[in-house]
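Coordinates from start.txt are shown below (compact mmCIF, N, CA and C atoms).
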# COMPACT_ATOMS: atom_id res chain seq x y z
N MET I 1 -7.62 7.97 1.94
CA MET I 1 -6.75 7.52 3.00
C MET I 1 -7.49 6.50 3.85
N SER I 2 -6.76 5.56 4.31
CA SER I 2 -7.34 4.47 5.09
C SER I 2 -7.76 4.93 6.49
N LEU I 3 -8.84 4.35 6.95
CA LEU I 3 -9.27 4.60 8.32
C LEU I 3 -8.64 3.60 9.28
N LEU I 4 -7.96 2.59 8.75
CA LEU I 4 -7.32 1.57 9.57
C LEU I 4 -6.12 2.19 10.28
N LYS I 5 -6.16 2.26 11.61
CA LYS I 5 -5.09 2.89 12.38
C LYS I 5 -4.24 1.87 13.13
N ALA I 6 -4.70 0.64 13.21
CA ALA I 6 -3.95 -0.40 13.90
C ALA I 6 -4.30 -1.75 13.27
N GLU I 7 -3.41 -2.69 13.46
CA GLU I 7 -3.68 -4.03 12.95
C GLU I 7 -4.92 -4.59 13.65
N PRO I 8 -5.77 -5.28 12.90
CA PRO I 8 -6.96 -5.85 13.54
C PRO I 8 -6.60 -6.98 14.48
N PHE I 9 -7.29 -7.06 15.59
CA PHE I 9 -7.03 -8.10 16.57
C PHE I 9 -8.03 -9.25 16.45
N GLU I 10 -9.02 -9.08 15.63
CA GLU I 10 -10.02 -10.11 15.42
C GLU I 10 -9.75 -10.81 14.10
N SER I 11 -10.36 -11.95 13.93
CA SER I 11 -10.18 -12.66 12.67
C SER I 11 -10.94 -11.94 11.55
N VAL I 12 -10.45 -12.10 10.35
CA VAL I 12 -11.10 -11.52 9.18
C VAL I 12 -12.35 -12.35 8.88
N GLU I 13 -13.47 -11.67 8.72
CA GLU I 13 -14.76 -12.35 8.59
C GLU I 13 -15.24 -12.54 7.15
N SER I 14 -14.66 -11.78 6.21
CA SER I 14 -15.18 -11.87 4.84
C SER I 14 -14.08 -11.53 3.84
N MET I 15 -14.34 -11.88 2.59
CA MET I 15 -13.42 -11.52 1.51
C MET I 15 -13.35 -10.01 1.36
N ASP I 16 -14.48 -9.32 1.51
CA ASP I 16 -14.49 -7.86 1.44
C ASP I 16 -13.54 -7.26 2.48
N GLU I 17 -13.61 -7.80 3.69
CA GLU I 17 -12.76 -7.30 4.76
C GLU I 17 -11.28 -7.58 4.46
N LEU I 18 -10.97 -8.76 3.98
CA LEU I 18 -9.60 -9.12 3.65
C LEU I 18 -9.05 -8.21 2.56
N LEU I 19 -9.83 -7.99 1.52
CA LEU I 19 -9.38 -7.14 0.43
C LEU I 19 -9.23 -5.69 0.88
N ALA I 20 -10.11 -5.22 1.74
CA ALA I 20 -10.00 -3.85 2.26
C ALA I 20 -8.73 -3.69 3.09
N ILE I 21 -8.40 -4.68 3.90
CA ILE I 21 -7.18 -4.62 4.71
C ILE I 21 -5.96 -4.65 3.80
N ALA I 22 -5.94 -5.54 2.82
CA ALA I 22 -4.81 -5.63 1.89
C ALA I 22 -4.64 -4.32 1.13
N TYR I 23 -5.74 -3.74 0.68
CA TYR I 23 -5.69 -2.49 -0.08
C TYR I 23 -5.13 -1.36 0.79
N ALA I 24 -5.61 -1.27 2.02
CA ALA I 24 -5.13 -0.23 2.94
C ALA I 24 -3.64 -0.41 3.24
N MET I 25 -3.20 -1.65 3.41
CA MET I 25 -1.78 -1.90 3.67
C MET I 25 -0.92 -1.48 2.49
N GLU I 26 -1.38 -1.76 1.28
CA GLU I 26 -0.61 -1.37 0.10
C GLU I 26 -0.60 0.15 -0.06
N GLN I 27 -1.73 0.81 0.20
CA GLN I 27 -1.77 2.27 0.14
C GLN I 27 -0.79 2.88 1.14
N ASP I 28 -0.76 2.33 2.34
CA ASP I 28 0.16 2.82 3.37
C ASP I 28 1.61 2.63 2.95
N ALA I 29 1.91 1.49 2.33
CA ALA I 29 3.28 1.22 1.87
C ALA I 29 3.68 2.23 0.79
N VAL I 30 2.80 2.48 -0.16
CA VAL I 30 3.10 3.46 -1.22
C VAL I 30 3.36 4.83 -0.59
N ALA I 31 2.51 5.25 0.31
CA ALA I 31 2.67 6.57 0.94
C ALA I 31 3.97 6.65 1.74
N GLY I 32 4.27 5.62 2.49
CA GLY I 32 5.48 5.62 3.31
C GLY I 32 6.75 5.65 2.47
N TYR I 33 6.80 4.80 1.46
CA TYR I 33 7.99 4.79 0.60
C TYR I 33 8.11 6.09 -0.19
N SER I 34 7.00 6.69 -0.57
CA SER I 34 7.04 7.97 -1.27
C SER I 34 7.64 9.05 -0.37
N ARG I 35 7.23 9.07 0.89
CA ARG I 35 7.79 10.04 1.83
C ARG I 35 9.29 9.82 2.01
N LEU I 36 9.70 8.56 2.12
CA LEU I 36 11.13 8.28 2.28
C LEU I 36 11.92 8.68 1.05
N ALA I 37 11.39 8.44 -0.14
CA ALA I 37 12.08 8.84 -1.37
C ALA I 37 12.26 10.35 -1.41
N GLU I 38 11.20 11.07 -1.07
CA GLU I 38 11.28 12.53 -1.07
C GLU I 38 12.30 13.02 -0.04
N ARG I 39 12.31 12.40 1.12
CA ARG I 39 13.28 12.78 2.15
C ARG I 39 14.71 12.54 1.67
N MET I 40 14.93 11.42 1.01
CA MET I 40 16.27 11.13 0.50
C MET I 40 16.70 12.16 -0.55
N ARG I 41 15.75 12.62 -1.37
CA ARG I 41 16.08 13.68 -2.33
C ARG I 41 16.46 14.97 -1.61
N ARG I 42 15.69 15.32 -0.58
CA ARG I 42 16.00 16.54 0.19
C ARG I 42 17.35 16.44 0.87
N GLU I 43 17.73 15.23 1.28
CA GLU I 43 19.00 15.02 1.97
C GLU I 43 20.14 14.69 1.00
N ASN I 44 19.89 14.93 -0.29
CA ASN I 44 20.90 14.73 -1.34
C ASN I 44 21.45 13.30 -1.33
N GLU I 45 20.53 12.35 -1.28
CA GLU I 45 20.86 10.91 -1.34
C GLU I 45 20.11 10.29 -2.52
N PRO I 46 20.52 10.65 -3.75
CA PRO I 46 19.77 10.19 -4.92
C PRO I 46 19.73 8.67 -5.09
N ASP I 47 20.78 7.97 -4.69
CA ASP I 47 20.78 6.51 -4.81
C ASP I 47 19.72 5.88 -3.90
N LEU I 48 19.62 6.40 -2.69
CA LEU I 48 18.59 5.89 -1.78
C LEU I 48 17.20 6.29 -2.24
N ALA I 49 17.08 7.50 -2.79
CA ALA I 49 15.78 7.92 -3.33
C ALA I 49 15.33 6.97 -4.43
N LEU I 50 16.27 6.55 -5.27
CA LEU I 50 15.95 5.62 -6.35
C LEU I 50 15.45 4.28 -5.80
N VAL I 51 16.07 3.80 -4.73
CA VAL I 51 15.63 2.54 -4.11
C VAL I 51 14.18 2.68 -3.66
N PHE I 52 13.87 3.77 -2.98
CA PHE I 52 12.50 3.97 -2.49
C PHE I 52 11.52 4.19 -3.64
N ASP I 53 11.97 4.86 -4.70
CA ASP I 53 11.11 5.01 -5.88
C ASP I 53 10.76 3.65 -6.48
N LYS I 54 11.73 2.75 -6.51
CA LYS I 54 11.46 1.40 -7.03
C LYS I 54 10.49 0.66 -6.12
N LEU I 55 10.61 0.86 -4.82
CA LEU I 55 9.66 0.24 -3.90
C LEU I 55 8.26 0.82 -4.08
N VAL I 56 8.16 2.12 -4.34
CA VAL I 56 6.87 2.74 -4.63
C VAL I 56 6.24 2.08 -5.85
N ALA I 57 7.04 1.88 -6.89
CA ALA I 57 6.53 1.26 -8.12
C ALA I 57 6.04 -0.15 -7.84
N GLU I 58 6.80 -0.91 -7.07
CA GLU I 58 6.40 -2.29 -6.76
C GLU I 58 5.12 -2.32 -5.93
N GLU I 59 5.04 -1.47 -4.92
CA GLU I 59 3.85 -1.45 -4.07
C GLU I 59 2.64 -0.92 -4.83
N THR I 60 2.86 -0.02 -5.77
CA THR I 60 1.77 0.48 -6.61
C THR I 60 1.22 -0.66 -7.46
N GLN I 61 2.12 -1.50 -7.95
CA GLN I 61 1.67 -2.68 -8.71
C GLN I 61 0.86 -3.61 -7.81
N HIS I 62 1.31 -3.80 -6.58
CA HIS I 62 0.56 -4.64 -5.63
C HIS I 62 -0.83 -4.05 -5.40
N LEU I 63 -0.89 -2.73 -5.25
CA LEU I 63 -2.17 -2.05 -5.04
C LEU I 63 -3.11 -2.33 -6.22
N GLY I 64 -2.58 -2.25 -7.41
CA GLY I 64 -3.37 -2.56 -8.59
C GLY I 64 -3.84 -4.00 -8.62
N ASN I 65 -2.97 -4.91 -8.17
CA ASN I 65 -3.36 -6.32 -8.11
C ASN I 65 -4.53 -6.53 -7.16
N VAL I 66 -4.46 -5.92 -5.99
CA VAL I 66 -5.55 -6.07 -5.02
C VAL I 66 -6.84 -5.50 -5.59
N ALA I 67 -6.74 -4.35 -6.25
CA ALA I 67 -7.93 -3.75 -6.87
C ALA I 67 -8.51 -4.69 -7.93
N ARG I 68 -7.64 -5.26 -8.76
CA ARG I 68 -8.11 -6.17 -9.82
C ARG I 68 -8.76 -7.41 -9.21
N TRP I 69 -8.13 -7.99 -8.18
CA TRP I 69 -8.70 -9.18 -7.53
C TRP I 69 -10.07 -8.86 -6.94
N SER I 70 -10.19 -7.68 -6.34
CA SER I 70 -11.46 -7.29 -5.76
C SER I 70 -12.53 -7.15 -6.84
N GLN I 71 -12.16 -6.52 -7.94
CA GLN I 71 -13.11 -6.38 -9.05
C GLN I 71 -13.54 -7.75 -9.57
N GLN I 72 -12.59 -8.66 -9.69
CA GLN I 72 -12.91 -10.00 -10.20
C GLN I 72 -13.75 -10.80 -9.21
N ALA I 73 -13.40 -10.74 -7.94
CA ALA I 73 -14.07 -11.57 -6.93
C ALA I 73 -15.37 -10.97 -6.42
N ARG I 74 -15.41 -9.65 -6.28
CA ARG I 74 -16.54 -8.99 -5.64
C ARG I 74 -17.29 -8.02 -6.54
N GLY I 75 -16.71 -7.70 -7.71
CA GLY I 75 -17.36 -6.78 -8.63
C GLY I 75 -17.23 -5.31 -8.23
N LYS I 76 -16.28 -5.02 -7.33
CA LYS I 76 -16.10 -3.64 -6.88
C LYS I 76 -14.70 -3.49 -6.29
N LEU I 77 -14.29 -2.22 -6.15
CA LEU I 77 -13.02 -1.94 -5.51
C LEU I 77 -13.14 -2.15 -4.00
N PRO I 78 -12.03 -2.42 -3.32
CA PRO I 78 -12.09 -2.54 -1.86
C PRO I 78 -12.56 -1.23 -1.23
N ASP I 79 -13.26 -1.35 -0.12
CA ASP I 79 -13.76 -0.19 0.61
C ASP I 79 -12.95 -0.05 1.91
N PRO I 80 -11.90 0.79 1.86
CA PRO I 80 -11.06 0.91 3.07
C PRO I 80 -11.81 1.51 4.24

Translate this structure into structure tokens?
Amino acid sequence: MSLLKAEPFESVESMDELLAIAYAMEQDAVAGYSRLAERMRRENEPDLALVFDKLVAEETQHLGNVARWSQQARGKLPDP
């Protein structure tokens, strides 16, 4: 889980920092959409649950992209 609790107010100083922020944002998006999908299932809204499941899949792909870019650019995964 990310330690980032608020948007940074300072400029990003390095590629490592940028990738860590992007990774944390994608992780947060996956977690949030997952919670919403589960809530929609509990509230018997399967169509809305499906929308959020699709968003989870898209954000998961974004998370993988950030991880791949970090591996290519820095030789390691982002450090949230």

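One finds atom CA of Gln61 of chain I at 20.2 Å from atom CA of Leu48 of chain I.
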
**DSSP alpha helix (DSSP H) residues within chain I, listed as a ChimeraX atom specification** = /I:15-42,46-74

**Fill in**
Separating atom CA of Ala73 of chain I from atom CA of Ile21 of chain I, to the nearest tenth of an Å, is a gap of 15.2 Å

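As for atom C of Asn65 of chain I and atom N of Glu38 of chain I, they are spaced 24.4 Å apart.
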
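Shortest separation to Pro78 of chain I among I:Ala57, I:Ala20, I:Val51, I:Met25 occurs at residue I:Ala20, atoms counted being all atoms listed in the file.
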
**Nearest residue to Leu55 of chain I from the set I:Ala67, I:Leu36, I:Leu77, I:Val30 (distances using only N, CA and C atoms)** = I:Val30

Tell me, as a JSON list (two decimals) with N, CA and C atoms, in the frame of the given file, which residues lie within 12 Å of Leu18 of chain I, counting only C-alpha atoms; anything in the same chain fewer than 3 positions away does not count.
[["chain", "number", "residue", "atom", "x", "y", "z"],
["I", 8, "PRO", "N", -5.77, -5.28, 12.90],
["I", 8, "PRO", "CA", -6.96, -5.85, 13.54],
["I", 8, "PRO", "C", -6.60, -6.98, 14.48],
["I", 10, "GLU", "N", -9.02, -9.08, 15.63],
["I", 10, "GLU", "CA", -10.02, -10.11, 15.42],
["I", 10, "GLU", "C", -9.75, -10.81, 14.10],
["I", 11, "SER", "N", -10.36, -11.95, 13.93],
["I", 11, "SER", "CA", -10.18, -12.66, 12.67],
["I", 11, "SER", "C", -10.94, -11.94, 11.55],
["I", 12, "VAL", "N", -10.45, -12.10, 10.35],
["I", 12, "VAL", "CA", -11.10, -11.52, 9.18],
["I", 12, "VAL", "C", -12.35, -12.35, 8.88],
["I", 13, "GLU", "N", -13.47, -11.67, 8.72],
["I", 13, "GLU", "CA", -14.76, -12.35, 8.59],
["I", 13, "GLU", "C", -15.24, -12.54, 7.15],
["I", 14, "SER", "N", -14.66, -11.78, 6.21],
["I", 14, "SER", "CA", -15.18, -11.87, 4.84],
["I", 14, "SER", "C", -14.08, -11.53, 3.84],
["I", 15, "MET", "N", -14.34, -11.88, 2.59],
["I", 15, "MET", "CA", -13.42, -11.52, 1.51],
["I", 15, "MET", "C", -13.35, -10.01, 1.36],
["I", 21, "ILE", "N", -8.40, -4.68, 3.90],
["I", 21, "ILE", "CA", -7.18, -4.62, 4.71],
["I", 21, "ILE", "C", -5.96, -4.65, 3.80],
["I", 22, "ALA", "N", -5.94, -5.54, 2.82],
["I", 22, "ALA", "CA", -4.81, -5.63, 1.89],
["I", 22, "ALA", "C", -4.64, -4.32, 1.13],
["I", 23, "TYR", "N", -5.74, -3.74, 0.68],
["I", 23, "TYR", "CA", -5.69, -2.49, -0.08],
["I", 23, "TYR", "C", -5.13, -1.36, 0.79],
["I", 24, "ALA", "N", -5.61, -1.27, 2.02],
["I", 24, "ALA", "CA", -5.13, -0.23, 2.94],
["I", 24, "ALA", "C", -3.64, -0.41, 3.24],
["I", 25, "MET", "N", -3.20, -1.65, 3.41],
["I", 25, "MET", "CA", -1.78, -1.90, 3.67],
["I", 25, "MET", "C", -0.92, -1.48, 2.49],
["I", 66, "VAL", "N", -4.46, -5.92, -5.99],
["I", 66, "VAL", "CA", -5.55, -6.07, -5.02],
["I", 66, "VAL", "C", -6.84, -5.50, -5.59],
["I", 67, "ALA", "N", -6.74, -4.35, -6.25],
["I", 67, "ALA", "CA", -7.93, -3.75, -6.87],
["I", 67, "ALA", "C", -8.51, -4.69, -7.93],
["I", 69, "TRP", "N", -8.13, -7.99, -8.18],
["I", 69, "TRP", "CA", -8.70, -9.18, -7.53],
["I", 69, "TRP", "C", -10.07, -8.86, -6.94],
["I", 70, "SER", "N", -10.19, -7.68, -6.34],
["I", 70, "SER", "CA", -11.46, -7.29, -5.76],
["I", 70, "SER", "C", -12.53, -7.15, -6.84],
["I", 73, "ALA", "N", -13.40, -10.74, -7.94],
["I", 73, "ALA", "CA", -14.07, -11.57, -6.93],
["I", 73, "ALA", "C", -15.37, -10.97, -6.42],
["I", 74, "ARG", "N", -15.41, -9.65, -6.28],
["I", 74, "ARG", "CA", -16.54, -8.99, -5.64],
["I", 74, "ARG", "C", -17.29, -8.02, -6.54],
["I", 78, "PRO", "N", -12.03, -2.42, -3.32],
["I", 78, "PRO", "CA", -12.09, -2.54, -1.86],
["I", 78, "PRO", "C", -12.56, -1.23, -1.23],
["I", 79, "ASP", "N", -13.26, -1.35, -0.12],
["I", 79, "ASP", "CA", -13.76, -0.19, 0.61],
["I", 79, "ASP", "C", -12.95, -0.05, 1.91],
["I", 80, "PRO", "N", -11.90, 0.79, 1.86],
["I", 80, "PRO", "CA", -11.06, 0.91, 3.07],
["I", 80, "PRO", "C", -11.81, 1.51, 4.24]]
